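Participant: My structure is stored as model.txt, with compact mmCIF, C-alpha atoms.
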```txt
# COMPACT_ATOMS: atom_id res chain seq x y z
CA MET I 1427 -4.07 2.31 7.86
CA SER I 1428 -5.30 4.75 5.21
CA ARG I 1429 -5.30 3.80 1.55
CA TYR I 1430 -2.61 6.44 0.96
CA ASP I 1431 -0.39 4.99 3.72
CA LYS I 1432 -0.95 1.44 2.43
CA GLY I 1433 -0.15 2.69 -1.06
CA MET I 1434 3.08 4.33 0.06
CA GLU I 1435 4.07 1.16 1.92
CA THR I 1436 3.36 -0.98 -1.16
CA ARG I 1437 5.03 1.47 -3.53
CA ARG I 1438 8.20 1.44 -1.43
CA ALA I 1439 8.16 -2.37 -1.23
CA VAL I 1440 7.83 -2.73 -5.01
CA LEU I 1441 9.86 0.20 -6.34
CA GLY I 1442 12.32 0.71 -3.50
CA ASP I 1443 12.90 3.60 -1.14
CA ALA I 1444 15.38 5.39 -3.41
CA HIS I 1445 12.89 5.58 -6.31
CA VAL I 1446 10.00 6.73 -4.11
CA ASP I 1447 12.19 9.26 -2.29
CA ARG I 1448 13.23 10.77 -5.66
CA ALA I 1449 9.63 10.90 -6.84
CA GLU I 1450 8.50 12.51 -3.61
CA ALA I 1451 11.32 15.08 -3.76
CA ASN I 1452 10.32 16.00 -7.32
CA LYS I 1453 6.63 16.55 -6.51
CA SER I 1454 5.31 20.01 -7.19
CA ALA I 1455 2.14 21.75 -6.09
CA PHE I 1456 0.78 20.95 -9.56
CA SER I 1457 1.69 17.23 -9.56
CA THR I 1458 0.83 16.45 -5.92
CA PRO I 1459 -2.86 15.61 -6.58
CA PHE I 1460 -1.83 13.16 -9.32
CA GLN I 1461 0.83 11.56 -7.11
CA SER I 1462 -1.77 11.13 -4.37
CA LEU I 1463 -4.19 9.56 -6.84
CA ILE I 1464 -1.70 6.95 -8.06
CA THR I 1465 -0.45 6.25 -4.54
CA GLU I 1466 -3.99 5.56 -3.34
CA SER I 1467 -5.43 3.83 -6.40
CA ALA I 1468 -2.57 2.03 -8.13
CA TRP I 1469 -0.46 1.26 -5.07
CA GLY I 1470 -3.00 1.38 -2.22
CA THR I 1471 -5.72 -0.59 -4.00
CA VAL I 1472 -4.51 -2.57 -7.02
CA TRP I 1473 -0.93 -3.44 -6.01
CA ALA I 1474 -1.91 -3.81 -2.34
CA SER I 1475 -4.48 -6.52 -3.06
CA ASP I 1476 -3.54 -10.03 -1.96
CA ASN I 1477 -5.66 -11.72 -4.65
CA ILE I 1478 -2.70 -12.24 -6.96
CA SER I 1479 1.03 -12.15 -6.26
CA ARG I 1480 3.35 -9.24 -6.90
CA ARG I 1481 5.18 -11.49 -9.35
CA GLU I 1482 1.98 -11.85 -11.35
CA ARG I 1483 1.29 -8.12 -11.08
CA SER I 1484 4.73 -7.37 -12.51
CA MET I 1485 4.06 -9.64 -15.47
CA ILE I 1486 0.63 -8.12 -16.09
CA THR I 1487 1.87 -4.56 -15.67
CA LEU I 1488 4.80 -5.00 -18.04
CA ALA I 1489 2.60 -6.70 -20.64
CA LEU I 1490 0.02 -3.92 -20.41
CA LEU I 1491 2.64 -1.19 -20.65
CA ALA I 1492 4.10 -2.81 -23.76
CA ALA I 1493 0.73 -3.59 -25.35
CA THR I 1494 -0.49 -0.02 -24.92
CA GLY I 1495 2.80 1.51 -26.04
CA ASN I 1496 3.50 3.11 -22.66
CA PHE I 1497 7.19 2.33 -22.84
CA GLU I 1498 8.43 5.05 -20.49
CA GLU I 1499 7.59 3.07 -17.34
CA ILE I 1500 8.96 -0.29 -18.53
CA PRO I 1501 12.48 0.25 -17.10
CA MET I 1502 11.02 1.22 -13.70
CA HIS I 1503 8.88 -1.92 -13.62
CA ILE I 1504 11.76 -4.12 -14.82
CA ARG I 1505 13.79 -2.79 -11.86
CA ALA I 1506 10.85 -3.62 -9.60
CA THR I 1507 11.05 -7.30 -10.59
CA ALA I 1508 14.07 -7.59 -8.27
CA ARG I 1509 11.56 -7.09 -5.43
CA THR I 1510 8.47 -8.78 -6.89
CA GLY I 1511 10.09 -12.07 -7.87
CA ALA I 1512 9.22 -11.92 -11.57
CA THR I 1513 12.10 -13.55 -13.43
CA LYS I 1514 13.53 -12.74 -16.84
CA THR I 1515 11.74 -15.85 -18.12
CA ASP I 1516 8.44 -14.59 -16.67
CA ILE I 1517 8.87 -11.24 -18.36
CA MET I 1518 9.81 -12.78 -21.70
CA GLU I 1519 6.66 -14.91 -21.52
CA ALA I 1520 4.60 -11.77 -20.89
CA PHE I 1521 6.24 -9.97 -23.83
CA GLN I 1522 5.63 -12.97 -26.09
CA HIS I 1523 1.94 -12.64 -25.27
CA VAL I 1524 2.20 -8.99 -26.23
CA ALA I 1525 3.73 -9.96 -29.57
CA ILE I 1526 0.86 -12.29 -30.41
CA TYR I 1527 -2.05 -10.23 -29.06
CA ALA I 1528 -0.87 -6.63 -29.46
CA GLY I 1529 1.89 -6.63 -32.03
CA VAL I 1530 5.47 -7.68 -32.63
CA PRO I 1531 6.87 -4.11 -32.83
CA LYS I 1532 5.55 -3.27 -29.36
CA ALA I 1533 6.95 -6.47 -27.87
CA ASN I 1534 10.25 -5.96 -29.67
CA HIS I 1535 10.65 -2.45 -28.26
CA ALA I 1536 9.71 -3.60 -24.76
CA ILE I 1537 12.27 -6.42 -24.96
CA LYS I 1538 14.99 -3.97 -25.98
CA LEU I 1539 14.13 -1.74 -23.03
CA ALA I 1540 14.09 -4.73 -20.67
CA GLU I 1541 17.47 -5.98 -21.91
CA ALA I 1542 19.07 -2.56 -21.44
CA THR I 1543 17.59 -2.25 -17.96
CA TYR I 1544 18.72 -5.74 -16.93
CA LYS I 1545 22.26 -4.85 -18.10
CA GLU I 1546 22.17 -1.68 -15.99
CA MET I 1547 20.95 -3.67 -12.99
CA GLU I 1548 23.66 -6.29 -13.43
CA ALA I 1549 26.38 -3.62 -13.77
CA ALA I 1550 25.14 -1.94 -10.58
CA ASP I 1551 25.38 -5.25 -8.72
CA LYS I 1552 29.09 -5.63 -9.55
```
Represent the supplied structure as structure tokens.

Facilitator:
Amino acid sequence: MSRYDKGMETRRAVLGDAHVDRAEANKSAFSTPFQSLITESAWGTVWASDNISRRERSMITLALLAATGNFEEIPMHIRATARTGATKTDIMEAFQHVAIYAGVPKANHAIKLAEATYKEMEAADK
């Protein structure tokens, strides 16, 4: 299996078919090379590795997004926790690390985004 195919398989397993189908439908000629890069490198290499669990990857990813101020992808990765097994407690632990090592305002904003996303997820389940 190619790294791209493995990446697409992993991406779908973590983010869900609906999310990936939307992303694929919104690709343009301009964005296609970037989408291929992240599918192969992020999803086909990093997320596809068996060296740590997807639960752990979710925790690391969310902490890194918060610590670096890349808040836009936090809701997407919170939604992914339904498939990776990272619990609300796991994510709060990760954000507490962010507060101590990267700053309280970043952790606070990430927590607000996570709470809003969890509420959306819970409402969708009803």

Participant: Rank nothing, just name the residue among I:Ile1464, I:Ala1474, I:Met1547, I:Ile1504 nearest to Thr1487 in chain I, using only C-alpha atoms.

Facilitator: I:Ile1504

Participant: Could you name the residues that touch Glu1450 in chain I at 12 Å or less, counting only C-alpha atoms, but leaving out those on the same chain fewer than 4 positions away, as a list of chain:residue names?

Facilitator: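 Those residues are I:Met1434, I:Arg1437, I:Arg1438, I:Asp1443, I:Ala1444, I:His1445, I:Val1446, I:Ser1454, I:Ala1455, I:Ser1457, I:Thr1458, I:Phe1460, I:Gln1461, I:Ser1462, I:Thr1465.
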
Participant: Could you give me the centre and size, in Å to one decimal, of an axis-aligned box around all listed atoms of range 1533-1537 of chain I with 8 Å added on every side, as lines of an AutoDock Vina configuration file?

Facilitator:
```
center_x = 9.6
center_y = -4.5
center_z = -27.2
size_x = 21.3
size_y = 20.0
size_z = 20.9
```

Participant: Measure the distance from CA of Ala1493 in chain I to CA of Thr1507 in chain I in Å and round it to one decimal.

Facilitator: 18.4 Å

Participant: Please provide the set of residues having any atom within 8 Å of Gly1470 in chain I, restricted to only C-alpha atoms, with same-chain residues fewer than 3 positions apart removed, written as a list in words.

Facilitator: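 Non-adjacent residues within range: Arg1429, Tyr1430, Asp1431, Lys1432, Gly1433, Met1434, Thr1436, Thr1465, Glu1466, Ser1467, Trp1473 and Ala1474 of chain I.
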
Participant: As an exercise, work out the distance from CA of Arg1480 in chain I to CA of His1523 in chain I in Å and give it to one decimal place.

Facilitator: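 Going from CA of Arg1480 in chain I over to CA of His1523 in chain I covers 18.7 Å.
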
Participant: Pick the closest to Ala1525 in chain I from I:Ala1492, I:Ile1486, I:Met1427, I:Ala1449: which is it, counting only C-alpha atoms?

Facilitator: I:Ala1492

Participant: I'd like to know which of I:Ser1475, I:Ile1537, I:Pro1459, I:Met1502 is closest to Met1518 in chain I, using only C-alpha atoms.

Facilitator: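 Ranked by minimum distance to Met1518 in chain I, first place goes to I:Ile1537.
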
Participant: Which residues are close to Gly1495 in chain I, i.e. within 10 Å by all atoms listed in the file, leaving aside same-chain residues fewer than 5 positions away? Reply as a ChimeraX atom specification.

Facilitator: /I:1489-1490,1500,1528,1531-1533,1535-1536

Participant: Which of these residues is nearest to Glu1482 in chain I, using all atoms listed in the file: I:Ala1520, I:Val1530, I:Ala1451, I:Ala1508?

Facilitator: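 With all atoms listed in the file as the atom set, the closest residue is I:Ala1520.
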
Participant: So the first atom is CA of Lys1538 in chain I and the second is CA of Asp1516 in chain I; what is the distance between them in Å, to one decimal place?

Facilitator: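 One can read the CA of Lys1538 in chain I to CA of Asp1516 in chain I distance as 15.6 Å.
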
Participant: Identify the residues around (7.0, -8.5, -13.1) within a radius of 6 Å, measuring from all atoms listed in the file in the coordinates stated by the file, and give them as a short mmCIF file (atom, residue, chain, number, x, y, z; two decimals) with C-alpha atoms, in the coordinates of the input.

Facilitator:
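What landed in point_5.cif:
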```cif
data_model
loop_
_atom_site.label_atom_id
_atom_site.label_comp_id
_atom_site.auth_asym_id
_atom_site.auth_seq_id
_atom_site.Cartn_x
_atom_site.Cartn_y
_atom_site.Cartn_z
CA ARG I 1481 5.18 -11.49 -9.35
CA SER I 1484 4.73 -7.37 -12.51
CA MET I 1485 4.06 -9.64 -15.47
CA THR I 1507 11.05 -7.30 -10.59
CA ALA I 1512 9.22 -11.92 -11.57
#
```

Participant: Hey, which of I:Asn1534, I:Thr1494, I:Asn1452, I:Ser1479 ends up closest to Gly1511 in chain I? Count only C-alpha atoms.

Facilitator: I:Ser1479
